[in-house]
>>> print(open('input.tsv').read())   # TSV, C-alpha atoms and all ligand atoms
chain	number	residue	atom	x	y	z
A	1	MET	CA	-82.53	28.85	82.64
A	2	PRO	CA	-81.43	25.50	84.13
A	3	LYS	CA	-83.90	22.59	84.03
A	4	SER	CA	-85.97	22.17	87.17
A	5	VAL	CA	-87.11	18.98	88.88
A	6	ARG	CA	-90.54	19.55	87.35
A	7	ASP	CA	-89.00	19.83	83.85
A	8	ILE	CA	-87.32	16.45	84.37
A	9	THR	CA	-90.21	14.56	85.97
A	10	SER	CA	-92.68	15.82	83.35
A	11	MET	CA	-90.60	14.15	80.62
A	12	LYS	CA	-91.59	10.67	81.87
A	13	ASN	CA	-93.70	8.89	79.22
A	14	PHE	CA	-93.15	11.77	76.75
A	15	GLU	CA	-89.48	12.24	75.97
A	16	LYS	CA	-86.30	10.36	76.89
A	17	ILE	CA	-83.97	12.09	79.34
A	18	THR	CA	-80.27	12.33	78.47
A	19	VAL	CA	-77.75	12.47	81.30
A	20	ILE	CA	-73.97	12.56	81.03
A	21	THR	CA	-71.29	12.91	83.67
A	22	ALA	CA	-69.05	15.98	83.84
A	23	TYR	CA	-66.33	16.96	86.28
A	24	ASP	CA	-64.88	20.18	84.86
A	25	TYR	CA	-65.91	23.54	83.39
A	26	THR	CA	-65.02	22.96	79.73
A	27	THR	CA	-66.68	19.55	79.42
A	28	ALA	CA	-69.76	20.83	81.24
A	29	GLN	CA	-70.01	23.75	78.80
A	30	LEU	CA	-69.75	21.46	75.76
A	31	CYS	CA	-72.24	18.86	77.07
A	32	ASP	CA	-74.68	21.62	78.05
A	33	LYS	CA	-74.38	23.03	74.52
A	34	ALA	CA	-75.20	19.55	73.16
A	35	GLY	CA	-78.54	19.78	74.95
A	36	VAL	CA	-78.38	17.09	77.65
A	37	GLU	CA	-80.97	17.58	80.38
A	38	ILE	CA	-78.74	16.62	83.33
A	39	LEU	CA	-75.01	16.94	84.02
A	40	LEU	CA	-74.13	14.37	86.66
A	41	VAL	CA	-71.08	15.17	88.74
A	42	GLY	CA	-70.51	11.49	89.41
A	43	ASP	CA	-68.15	10.09	92.00
A	44	SER	CA	-66.84	8.14	88.99
A	45	GLY	CA	-64.71	11.31	88.72
A	46	GLY	CA	-62.55	9.66	91.36
A	47	MET	CA	-61.64	7.00	88.80
A	48	VAL	CA	-61.55	8.87	85.49
A	49	MET	CA	-60.18	12.19	86.77
A	50	LEU	CA	-58.14	11.18	89.82
A	51	GLY	CA	-57.03	7.64	88.97
A	52	TYR	CA	-58.54	5.78	91.93
A	53	GLU	CA	-59.31	2.06	91.48
A	54	ASN	CA	-62.93	2.63	92.56
A	55	THR	CA	-65.17	5.38	93.96
A	56	ILE	CA	-64.64	4.56	97.64
A	57	PRO	CA	-61.79	7.05	98.37
A	58	VAL	CA	-63.68	10.04	96.89
A	59	THR	CA	-64.12	12.86	99.41
A	60	MET	CA	-66.66	15.65	99.87
A	61	GLU	CA	-63.93	18.21	99.13
A	62	GLN	CA	-63.26	16.59	95.74
A	63	MET	CA	-66.99	16.41	94.92
A	64	CYS	CA	-67.46	20.08	95.86
A	65	PHE	CA	-64.46	21.03	93.69
A	66	PHE	CA	-65.85	19.14	90.65
A	67	THR	CA	-69.37	20.50	91.27
A	68	GLU	CA	-68.20	24.14	91.40
A	69	ALA	CA	-66.43	23.76	88.05
A	70	VAL	CA	-69.37	22.01	86.37
A	71	SER	CA	-71.93	24.50	87.64
A	72	ARG	CA	-69.85	27.36	86.22
A	73	GLY	CA	-69.95	25.66	82.81
A	74	ARG	CA	-73.66	24.88	82.57
A	75	LYS	CA	-76.37	27.11	81.22
A	76	ASP	CA	-79.48	24.98	80.73
A	77	ALA	CA	-78.78	21.56	82.22
A	78	MET	CA	-79.64	20.52	85.77
A	79	VAL	CA	-76.53	19.72	87.83
A	80	VAL	CA	-76.83	16.61	90.02
A	81	ALA	CA	-73.90	15.82	92.32
A	82	ASP	CA	-73.08	12.43	93.81
A	83	MET	CA	-72.79	12.15	97.57
A	84	PRO	CA	-69.55	10.19	98.04
A	85	PHE	CA	-69.09	7.08	100.18
A	86	MET	CA	-69.53	7.80	103.93
A	87	SER	CA	-70.86	11.32	103.37
A	88	TYR	CA	-74.46	10.31	104.24
A	89	GLN	CA	-74.38	6.91	105.97
A	90	ALA	CA	-73.34	7.95	109.50
A	91	SER	CA	-76.39	10.04	110.39
A	92	LYS	CA	-79.22	12.08	108.92
A	93	SER	CA	-77.61	15.30	110.12
A	94	GLN	CA	-74.34	14.36	108.38
A	95	ALA	CA	-76.32	13.65	105.18
A	96	ILE	CA	-78.20	16.96	105.33
A	97	GLU	CA	-75.02	18.92	106.00
A	98	ASN	CA	-73.15	17.31	103.11
A	99	ALA	CA	-76.09	17.59	100.70
A	100	GLY	CA	-76.14	21.30	101.62
A	101	ARG	CA	-72.41	21.64	100.88
A	102	LEU	CA	-72.95	20.22	97.39
A	103	VAL	CA	-75.84	22.62	96.76
A	104	LYS	CA	-73.69	25.53	97.97
A	105	SER	CA	-71.07	24.35	95.45
A	106	GLY	CA	-73.60	24.69	92.63
A	107	ALA	CA	-75.59	21.43	92.52
A	108	ASP	CA	-79.35	21.54	91.94
A	109	ALA	CA	-79.83	18.05	93.35
A	110	VAL	CA	-77.85	15.22	94.92
A	111	LYS	CA	-77.64	11.50	94.17
A	112	LEU	CA	-77.29	8.79	96.82
A	113	GLU	CA	-76.68	5.09	96.37
A	114	GLY	CA	-79.05	2.79	98.26
A	115	GLY	CA	-82.66	1.67	98.61
A	116	ILE	CA	-84.98	1.02	101.55
A	117	GLU	CA	-82.10	1.28	104.05
A	118	ILE	CA	-81.60	4.98	103.21
A	119	LYS	CA	-85.24	5.99	102.70
A	120	ASP	CA	-85.34	8.08	105.91
A	121	THR	CA	-82.12	9.83	104.91
A	122	VAL	CA	-83.57	10.60	101.47
A	123	ARG	CA	-86.74	11.93	103.13
A	124	SER	CA	-84.79	14.21	105.46
A	125	ILE	CA	-82.74	15.69	102.58
A	126	VAL	CA	-85.88	16.20	100.46
A	127	ASP	CA	-87.68	17.76	103.45
A	128	ILE	CA	-85.13	20.54	103.73
A	129	GLY	CA	-85.67	21.32	100.04
A	130	ILE	CA	-82.86	19.50	98.28
A	131	PRO	CA	-84.01	17.24	95.41
A	132	VAL	CA	-82.66	13.69	95.51
A	133	MET	CA	-81.94	11.21	92.71
A	134	GLY	CA	-81.80	7.61	93.98
A	135	HIS	CA	-79.34	5.00	92.70
A	136	ILE	CA	-80.05	1.28	92.90
A	137	GLY	CA	-78.99	-1.90	91.14
A	138	PHE	CA	-75.22	-2.07	90.98
A	139	GLN	CA	-74.02	0.41	93.60
A	140	PRO	CA	-70.31	1.05	93.01
A	141	GLN	CA	-69.68	2.37	96.55
A	142	THR	CA	-70.75	-0.89	98.22
A	143	THR	CA	-71.52	-3.64	95.72
A	144	THR	CA	-67.89	-3.53	94.59
A	145	LEU	CA	-66.86	-4.51	98.12
A	146	GLN	CA	-69.45	-7.28	98.39
A	147	GLU	CA	-69.52	-9.02	95.04
A	148	GLY	CA	-67.58	-7.07	92.43
A	149	TYR	CA	-69.02	-5.81	89.15
A	150	ARG	CA	-72.17	-7.90	88.53
A	151	VAL	CA	-75.41	-7.52	86.64
A	152	GLN	CA	-78.26	-7.05	89.15
A	153	ALA	CA	-81.80	-8.46	89.32
A	154	LYS	CA	-81.11	-11.80	87.67
A	155	THR	CA	-83.37	-13.80	90.00
A	156	LYS	CA	-87.02	-13.37	91.02
A	157	ASP	CA	-86.07	-12.50	94.62
A	158	ALA	CA	-83.39	-10.01	93.63
A	159	ALA	CA	-85.82	-8.41	91.18
A	160	LEU	CA	-88.57	-8.17	93.79
A	161	SER	CA	-86.22	-6.53	96.25
A	162	LEU	CA	-85.13	-4.00	93.60
A	163	ILE	CA	-88.76	-3.14	92.79
A	164	GLN	CA	-89.42	-2.58	96.52
A	165	ASN	CA	-86.33	-0.39	96.78
A	166	ALA	CA	-87.49	1.74	93.84
A	167	LYS	CA	-90.94	2.18	95.38
A	168	ALA	CA	-89.44	3.07	98.77
A	169	LEU	CA	-87.26	5.76	97.18
A	170	GLU	CA	-90.22	7.21	95.31
A	171	LYS	CA	-92.24	7.28	98.54
A	172	ALA	CA	-89.33	8.96	100.33
A	173	GLY	CA	-89.53	11.82	97.81
A	174	ALA	CA	-86.79	11.04	95.27
A	175	PHE	CA	-87.50	12.78	91.94
A	176	SER	CA	-85.77	10.11	89.82
A	177	ILE	CA	-83.80	6.89	90.22
A	178	ALA	CA	-80.63	5.74	88.48
A	179	LEU	CA	-80.68	2.01	87.68
A	180	GLU	CA	-77.20	0.60	87.19
A	181	MET	CA	-76.57	-2.74	85.45
A	182	VAL	CA	-80.10	-4.02	86.02
A	183	THR	CA	-81.49	-6.67	83.66
A	184	GLN	CA	-83.55	-4.94	80.97
A	185	GLU	CA	-86.76	-6.82	81.78
A	186	ILE	CA	-86.65	-5.72	85.42
A	187	SER	CA	-85.75	-2.12	84.48
A	188	LYS	CA	-88.89	-2.08	82.34
A	189	ILE	CA	-91.02	-3.40	85.22
A	190	ILE	CA	-89.54	-0.82	87.62
A	191	THR	CA	-90.01	1.98	85.08
A	192	GLU	CA	-93.66	1.01	84.65
A	193	SER	CA	-94.33	0.62	88.36
A	194	ILE	CA	-93.17	4.02	89.60
A	195	GLY	CA	-94.26	7.56	88.74
A	196	ILE	CA	-90.79	9.13	88.69
A	197	PRO	CA	-88.24	8.77	85.86
A	198	THR	CA	-85.71	5.95	85.82
A	199	ILE	CA	-82.29	6.77	84.40
A	200	GLY	CA	-80.52	3.65	83.18
A	201	ILE	CA	-76.87	2.80	82.84
A	202	GLY	CA	-76.39	-0.69	81.45
A	203	SER	CA	-80.08	-1.30	82.17
A	204	GLY	CA	-81.60	-1.57	78.71
A	205	PRO	CA	-83.69	0.68	76.49
A	206	ASP	CA	-86.91	0.91	78.51
A	207	CYS	CA	-85.74	3.32	81.20
A	208	ASP	CA	-87.06	6.88	81.00
A	209	GLY	CA	-83.55	8.17	80.40
A	210	GLN	CA	-79.95	7.09	80.00
A	211	VAL	CA	-76.72	8.12	81.69
A	212	LEU	CA	-73.16	7.49	80.53
A	213	VAL	CA	-69.76	8.53	81.81
A	214	VAL	CA	-68.44	11.25	79.47
A	215	HIS	CA	-65.00	9.58	79.27
A	216	ASP	CA	-66.70	6.46	77.86
A	217	VAL	CA	-68.77	8.45	75.34
A	218	LEU	CA	-65.63	10.19	74.09
A	219	GLY	CA	-63.40	7.11	74.24
A	220	LEU	CA	-61.00	8.70	76.70
A	221	PHE	CA	-60.79	6.05	79.42
A	222	GLU	CA	-58.84	2.94	78.46
A	223	LYS	CA	-58.62	1.11	81.80
A	224	LEU	CA	-62.24	-0.02	81.92
A	225	LYS	CA	-64.51	-0.47	78.89
A	226	PRO	CA	-67.92	-1.60	80.14
A	227	LYS	CA	-70.08	-3.55	77.65
A	228	PHE	CA	-72.95	-1.10	78.16
A	229	ALA	CA	-70.99	2.05	77.38
A	230	LYS	CA	-71.24	3.08	73.74
A	231	ARG	CA	-68.07	4.88	72.65
A	232	TYR	CA	-68.96	7.61	70.12
A	233	LEU	CA	-65.34	8.67	69.63
A	234	GLU	CA	-61.91	7.16	70.33
A	235	LEU	CA	-60.26	10.32	71.60
A	236	ALA	CA	-57.58	8.55	73.64
A	237	GLY	CA	-55.77	7.47	70.46
A	238	ASP	CA	-56.22	10.89	68.85
A	239	ILE	CA	-54.79	12.62	71.93
A	240	VAL	CA	-51.70	10.40	71.96
A	241	LYS	CA	-51.25	11.05	68.21
A	242	ALA	CA	-51.59	14.83	68.63
A	243	VAL	CA	-49.16	15.03	71.56
A	244	THR	CA	-46.66	12.79	69.73
A	245	SER	CA	-46.78	15.18	66.74
A	246	TYR	CA	-46.29	18.15	69.06
A	247	LYS	CA	-43.24	16.51	70.62
A	248	GLU	CA	-41.79	15.71	67.18
A	249	ASP	CA	-42.29	19.33	66.08
A	250	VAL	CA	-40.61	20.69	69.23
A	251	VAL	CA	-37.63	18.37	68.78
A	252	SER	CA	-37.26	19.08	65.04
A	253	GLY	CA	-37.83	22.84	65.38
A	254	LYS	CA	-41.00	22.79	63.26
A	255	PHE	CA	-42.85	24.38	66.15
A	256	PRO	CA	-43.19	27.24	66.92
A	257	THR	CA	-43.19	29.15	63.59
A	258	GLN	CA	-43.73	32.88	62.91
A	259	GLU	CA	-47.44	32.17	63.11
A	260	HIS	CA	-47.14	31.33	66.82
A	261	SER	CA	-44.59	34.03	67.79
A	262	PHE	CA	-44.66	37.73	68.80
A	263	SER	CA	-42.28	40.52	67.66
A	264	ILE	CA	-40.94	43.75	69.06
A	265	ASP	CA	-40.94	46.82	66.77
A	266	LYS	CA	-37.75	46.84	64.59
A	267	ALA	CA	-36.62	50.37	65.60
A	268	GLU	CA	-37.16	49.53	69.27
A	269	LEU	CA	-35.08	46.39	68.84
A	270	GLU	CA	-32.30	48.38	67.15
A	271	ARG	CA	-32.24	50.88	70.04
A	272	LEU	CA	-32.01	48.00	72.52
A	273	ARG	CA	-29.14	46.38	70.57
A	274	LYS	CA	-27.17	49.67	70.58
A	275	GLU	CA	-27.69	50.08	74.31
A	276	ILE	CA	-26.60	46.52	75.03
A	277	ALA	CA	-23.53	46.95	72.82
B	301	LIG	O1	-70.61	8.19	89.37
B	301	LIG	C1	-71.24	7.99	88.33
B	301	LIG	O2	-70.78	8.27	87.22
B	301	LIG	C2	-72.56	7.38	88.43
B	301	LIG	C3	-73.18	6.86	87.19
B	301	LIG	C4	-72.52	5.61	86.80
B	301	LIG	C5	-74.64	6.69	87.32
B	301	LIG	O3	-73.07	7.26	89.50
>>> encode(input="input.tsv", output="C-alpha cells", more="lines below")
Ligand code: KIV
Amino acid sequence: MPKSVRDITSMKNFEKITVITAYDYTTAQLCDKAGVEILLVGDSGGMVMLGYENTIPVTMEQMCFFTEAVSRGRKDAMVVADMPFMSYQASKSQAIENAGRLVKSGADAVKLEGGIEIKDTVRSIVDIGIPVMGHIGFQPQTTTLQEGYRVQAKTKDAALSLIQNAKALEKAGAFSIALEMVTQEISKIITESIGIPTIGIGSGPDCDGQVLVVHDVLGLFEKLKPKFAKRYLELAGDIVKAVTSYKEDVVSGKFPTQEHSFSIDKAELERLRKEIA
C-alpha cells in the first residue's frame, strides 16, 4: 500500500524521510524495493534523462510520461511529481488542471517551486484534494535565470524571507517543503519553526528528510557533480567498461556463444537442407 500524506507527515520528529528521484519503471521498482518513502518524479529528468541544460524546457507531456512509468514501478512509496516551469504560473485554473493531469498519470502529490507568491495557487490545488510539496531555497526553474547556482539564505534578510516563505506554504496547506541549497543553520531554524516535514537537498543534516537525484546517487551523471550529492556508486565508468567489453566480444566473435543461441531440431534441419537442395 503506497505511503499516504499522513504517513509522511507523522514521521516528523520521529524518523528521517528518504526521497529519491525516479523517471522510469525499472529505477522506480528498485528504489521502491530499497524502502524509500517518496519517489520524486523531478523535472531534473529534463537534464539527466533528456539532456537539457536546465529544467526550463521540460513540458507537462514529458512529466506525465515519466510519472506514468514511475507509478507503474512503485509498490509502497508515495509518488510526487514536479509541476514543470509555466505549468502553474499563468493562472490558478491552469495550475489545477495540470496538477490533475499529473495525478491522472499516477502521482499522489505534486511539487511546485515558489513561496509566498504562489501560496494561493498551492491553496487552490490542495482545496481540490491534491497534496502539494513546496520547494524553496534554490529554485532551479527561476533562480537559474536570475543568479545562477547559488547557496541560499546566507544573509539575515534572505533567511527571514525564506522562513516567511516556509510558513506561508504551510499555511496554504502544503504537506512538506523541499529546501534546496539552503545554509544548514537556516534549514534547522525552518525545520523547527514549521509543523510539516522539510526535505533537504544540499541543506544540511537537520531537515526532516533528504532528497537526492538518483543519477547522482548511482554516479551516472558526469556533466554536473554538485558538492552536496553523495555518490554511492560510480556506475558511469562501469557502464562504459561493460559496453566496451561487449563491443570487443562482438568484433572478435566471442559473443554470442552456444549459451546465448537457439537451435532447431537436427532432423528438422536435415529435412530443410534436403528441400533447399
Ligand atoms: O527536480 C528535482 O530533482 C528536484 C529536486 C532537486 C528536489 O526538484
>>> atom_distance(input="input.tsv", atom1="CA of Ile199 in chain A", atom2="CA of Val70 in chain A")
20.1 Å
>>> residues_near_ligand(input="input.tsv", ligand="ligand LIG 301 (chain B)", cutoff="6 Å", atoms="only C-alpha atoms and all ligand atoms", output="MDAnalysis selection string")
chainID A and resid 21 42:44 213
>>> atom_distance(input="input.tsv", atom1="CA of Asp24 in chain A", atom2="CA of Phe66 in chain A")
6.0 Å
>>> closest_atom_pairs(input="input.tsv", of="range 172-270 of chain A", to="range 125-135 of chain A", cutoff="10 Å", atoms="all atoms listed in the file", output="CSV")
residue,atom,partner,partner_atom,distance
A:Ala172,CA,A:Val126,CA,8.0
A:Gly173,CA,A:Val126,CA,6.3
A:Ala174,CA,A:Val132,CA,4.9
A:Phe175,CA,A:Met133,CA,5.8
A:Ser176,CA,A:Met133,CA,4.9
A:Ile177,CA,A:Gly134,CA,4.3
A:Ala178,CA,A:His135,CA,4.5
A:Leu179,CA,A:His135,CA,6.0
A:Glu180,CA,A:His135,CA,7.4
A:Ile196,CA,A:Met133,CA,9.9
A:Pro197,CA,A:Met133,CA,9.6
A:Thr198,CA,A:Gly134,CA,9.2
A:Ile199,CA,A:His135,CA,9.0
A:Gly200,CA,A:His135,CA,9.7
>>> write_last_selection(input="input.tsv", atoms="C-alpha atoms", output="tab-separated table (two decimals), keeping the file's coordinate frame")
chain	number	residue	atom	x	y	z
A	172	ALA	CA	-89.33	8.96	100.33
A	173	GLY	CA	-89.53	11.82	97.81
A	174	ALA	CA	-86.79	11.04	95.27
A	175	PHE	CA	-87.50	12.78	91.94
A	176	SER	CA	-85.77	10.11	89.82
A	177	ILE	CA	-83.80	6.89	90.22
A	178	ALA	CA	-80.63	5.74	88.48
A	179	LEU	CA	-80.68	2.01	87.68
A	180	GLU	CA	-77.20	0.60	87.19
A	196	ILE	CA	-90.79	9.13	88.69
A	197	PRO	CA	-88.24	8.77	85.86
A	198	THR	CA	-85.71	5.95	85.82
A	199	ILE	CA	-82.29	6.77	84.40
A	200	GLY	CA	-80.52	3.65	83.18
>>> closest_residue(input="input.tsv", among="A:Leu220, A:Ser263, A:Val80, A:Leu169", to="Leu235 in chain A", atoms="only C-alpha atoms")
A:Leu220
>>> closest_residue(input="input.tsv", among="A:Gly73, A:Gly35, A:Gly204, A:Gly148", to="Asn54 in chain A", atoms="all atoms listed in the file")
A:Gly148
>>> atom_distance(input="input.tsv", atom1="CA of Gly219 in chain A", atom2="CA of Phe138 in chain A")
22.5 Å
>>> closest_residue(input="input.tsv", among="A:Val151, A:Ala34, A:Ile116, A:Ala95", to="Glu170 in chain A", atoms="only C-alpha atoms")
A:Ile116
>>> closest_atom_pairs(input="input.tsv", of="range 22-114 of chain A", to="range 6-15 of chain A", cutoff="12 Å", atoms="only C-alpha atoms", output="Markdown table")
| residue | atom | partner | partner_atom | distance |
| --- | --- | --- | --- | --- |
| A:Val36 | CA | A:Ile8 | CA | 11.2 |
| A:Glu37 | CA | A:Ile8 | CA | 7.6 |
| A:Ile38 | CA | A:Ile8 | CA | 8.6 |
| A:Asp76 | CA | A:Asp7 | CA | 11.3 |
| A:Ala77 | CA | A:Ile8 | CA | 10.2 |
| A:Met78 | CA | A:Ile8 | CA | 8.8 |
| A:Val79 | CA | A:Ile8 | CA | 11.8 |
| A:Val80 | CA | A:Ile8 | CA | 11.9 |
| A:Ala109 | CA | A:Ile8 | CA | 11.8 |
>>> write_last_selection(input="input.tsv", atoms="C-alpha atoms", output="PDB file, in the coordinates of the input")
ATOM      1  CA  VAL A  36     -78.380  17.090  77.650  1.00  0.00           C
ATOM      2  CA  GLU A  37     -80.970  17.580  80.380  1.00  0.00           C
ATOM      3  CA  ILE A  38     -78.740  16.620  83.330  1.00  0.00           C
ATOM      4  CA  ASP A  76     -79.480  24.980  80.730  1.00  0.00           C
ATOM      5  CA  ALA A  77     -78.780  21.560  82.220  1.00  0.00           C
ATOM      6  CA  MET A  78     -79.640  20.520  85.770  1.00  0.00           C
ATOM      7  CA  VAL A  79     -76.530  19.720  87.830  1.00  0.00           C
ATOM      8  CA  VAL A  80     -76.830  16.610  90.020  1.00  0.00           C
ATOM      9  CA  ALA A 109     -79.830  18.050  93.350  1.00  0.00           C
TER      10      ALA A 109
END
>>> axis_aligned_box(input="input.tsv", around="range 178-192 of chain A", padding_each_side="4 Å", output="JSON")
{"center_x": -85.1, "center_y": -0.5, "center_z": 84.7, "size_x": 25.1, "size_y": 20.6, "size_z": 15.5}
>>> closest_residue(input="input.tsv", among="A:Asp82, A:Glu61, A:Asp157, A:Asp208", to="Thr18 in chain A", atoms="all atoms listed in the file")
A:Asp208
>>> closest_residue(input="input.tsv", among="A:Asp216, A:Glu147, A:Asp206, A:Glu185", to="Ile20 in chain A", atoms="only C-alpha atoms")
A:Asp216
>>> closest_residue(input="input.tsv", among="A:Asp32, A:Thr191, A:Ala81, A:Lys223", to="Val48 in chain A", atoms="all atoms listed in the file")
A:Lys223
>>> residues_around(input="input.tsv", residues="Lys104 in chain A", least_positions_apart="3", cutoff="12 Å", atoms="all atoms listed in the file", output="list in words")
Met63, Cys64, Phe65, Thr67, Glu68, Ser71, Ala81, Glu97, Asn98, Ala99, Gly100, Arg101, Ala107, Asp108, Ala109, Val110 and Ile130 of chain A
>>> decode(input="input.tsv", residues="range 144-161 of chain A", atoms="N, CA and C atoms", output="short mmCIF file (atom, residue, chain, number, x, y, z; two decimals), in the first residue's frame")
data_model
loop_
_atom_site.label_atom_id
_atom_site.label_comp_id
_atom_site.auth_asym_id
_atom_site.auth_seq_id
_atom_site.Cartn_x
_atom_site.Cartn_y
_atom_site.Cartn_z
N THR A 144 17.95 29.97 -11.51
CA THR A 144 18.99 29.79 -12.53
C THR A 144 19.02 31.02 -13.44
N LEU A 145 17.82 31.52 -13.81
CA LEU A 145 17.75 32.66 -14.71
C LEU A 145 18.26 33.93 -14.03
N GLN A 146 17.95 34.04 -12.72
CA GLN A 146 18.29 35.29 -12.02
C GLN A 146 19.73 35.37 -11.56
N GLU A 147 20.21 34.34 -10.91
CA GLU A 147 21.55 34.44 -10.32
C GLU A 147 22.43 33.21 -10.47
N GLY A 148 21.98 32.21 -11.20
CA GLY A 148 22.80 31.01 -11.35
C GLY A 148 22.74 30.16 -10.09
N TYR A 149 23.50 29.08 -10.09
CA TYR A 149 23.53 28.16 -8.94
C TYR A 149 24.17 28.85 -7.75
N ARG A 150 23.43 29.11 -6.69
CA ARG A 150 23.97 29.79 -5.51
C ARG A 150 23.35 29.23 -4.24
N VAL A 151 24.15 29.16 -3.20
CA VAL A 151 23.63 28.78 -1.89
C VAL A 151 22.69 29.88 -1.42
N GLN A 152 21.55 29.50 -0.83
CA GLN A 152 20.53 30.46 -0.42
C GLN A 152 20.57 30.68 1.10
N ALA A 153 20.00 31.80 1.51
CA ALA A 153 19.87 32.16 2.94
C ALA A 153 21.23 32.37 3.60
N LYS A 154 22.04 33.20 2.97
CA LYS A 154 23.36 33.49 3.54
C LYS A 154 23.37 34.81 4.31
N THR A 155 22.28 35.57 4.22
CA THR A 155 22.21 36.83 4.98
C THR A 155 20.95 36.77 5.85
N LYS A 156 20.92 37.66 6.86
CA LYS A 156 19.77 37.70 7.78
C LYS A 156 18.46 37.94 6.99
N ASP A 157 18.49 38.90 6.06
CA ASP A 157 17.26 39.24 5.33
C ASP A 157 16.80 38.08 4.45
N ALA A 158 17.77 37.46 3.77
CA ALA A 158 17.41 36.33 2.90
C ALA A 158 16.85 35.19 3.74
N ALA A 159 17.44 35.00 4.92
CA ALA A 159 16.98 33.92 5.80
C ALA A 159 15.56 34.20 6.29
N LEU A 160 15.34 35.45 6.69
CA LEU A 160 14.00 35.83 7.18
C LEU A 160 12.94 35.59 6.12
N SER A 161 13.29 35.99 4.89
CA SER A 161 12.32 35.83 3.80
C SER A 161 12.04 34.34 3.56
#
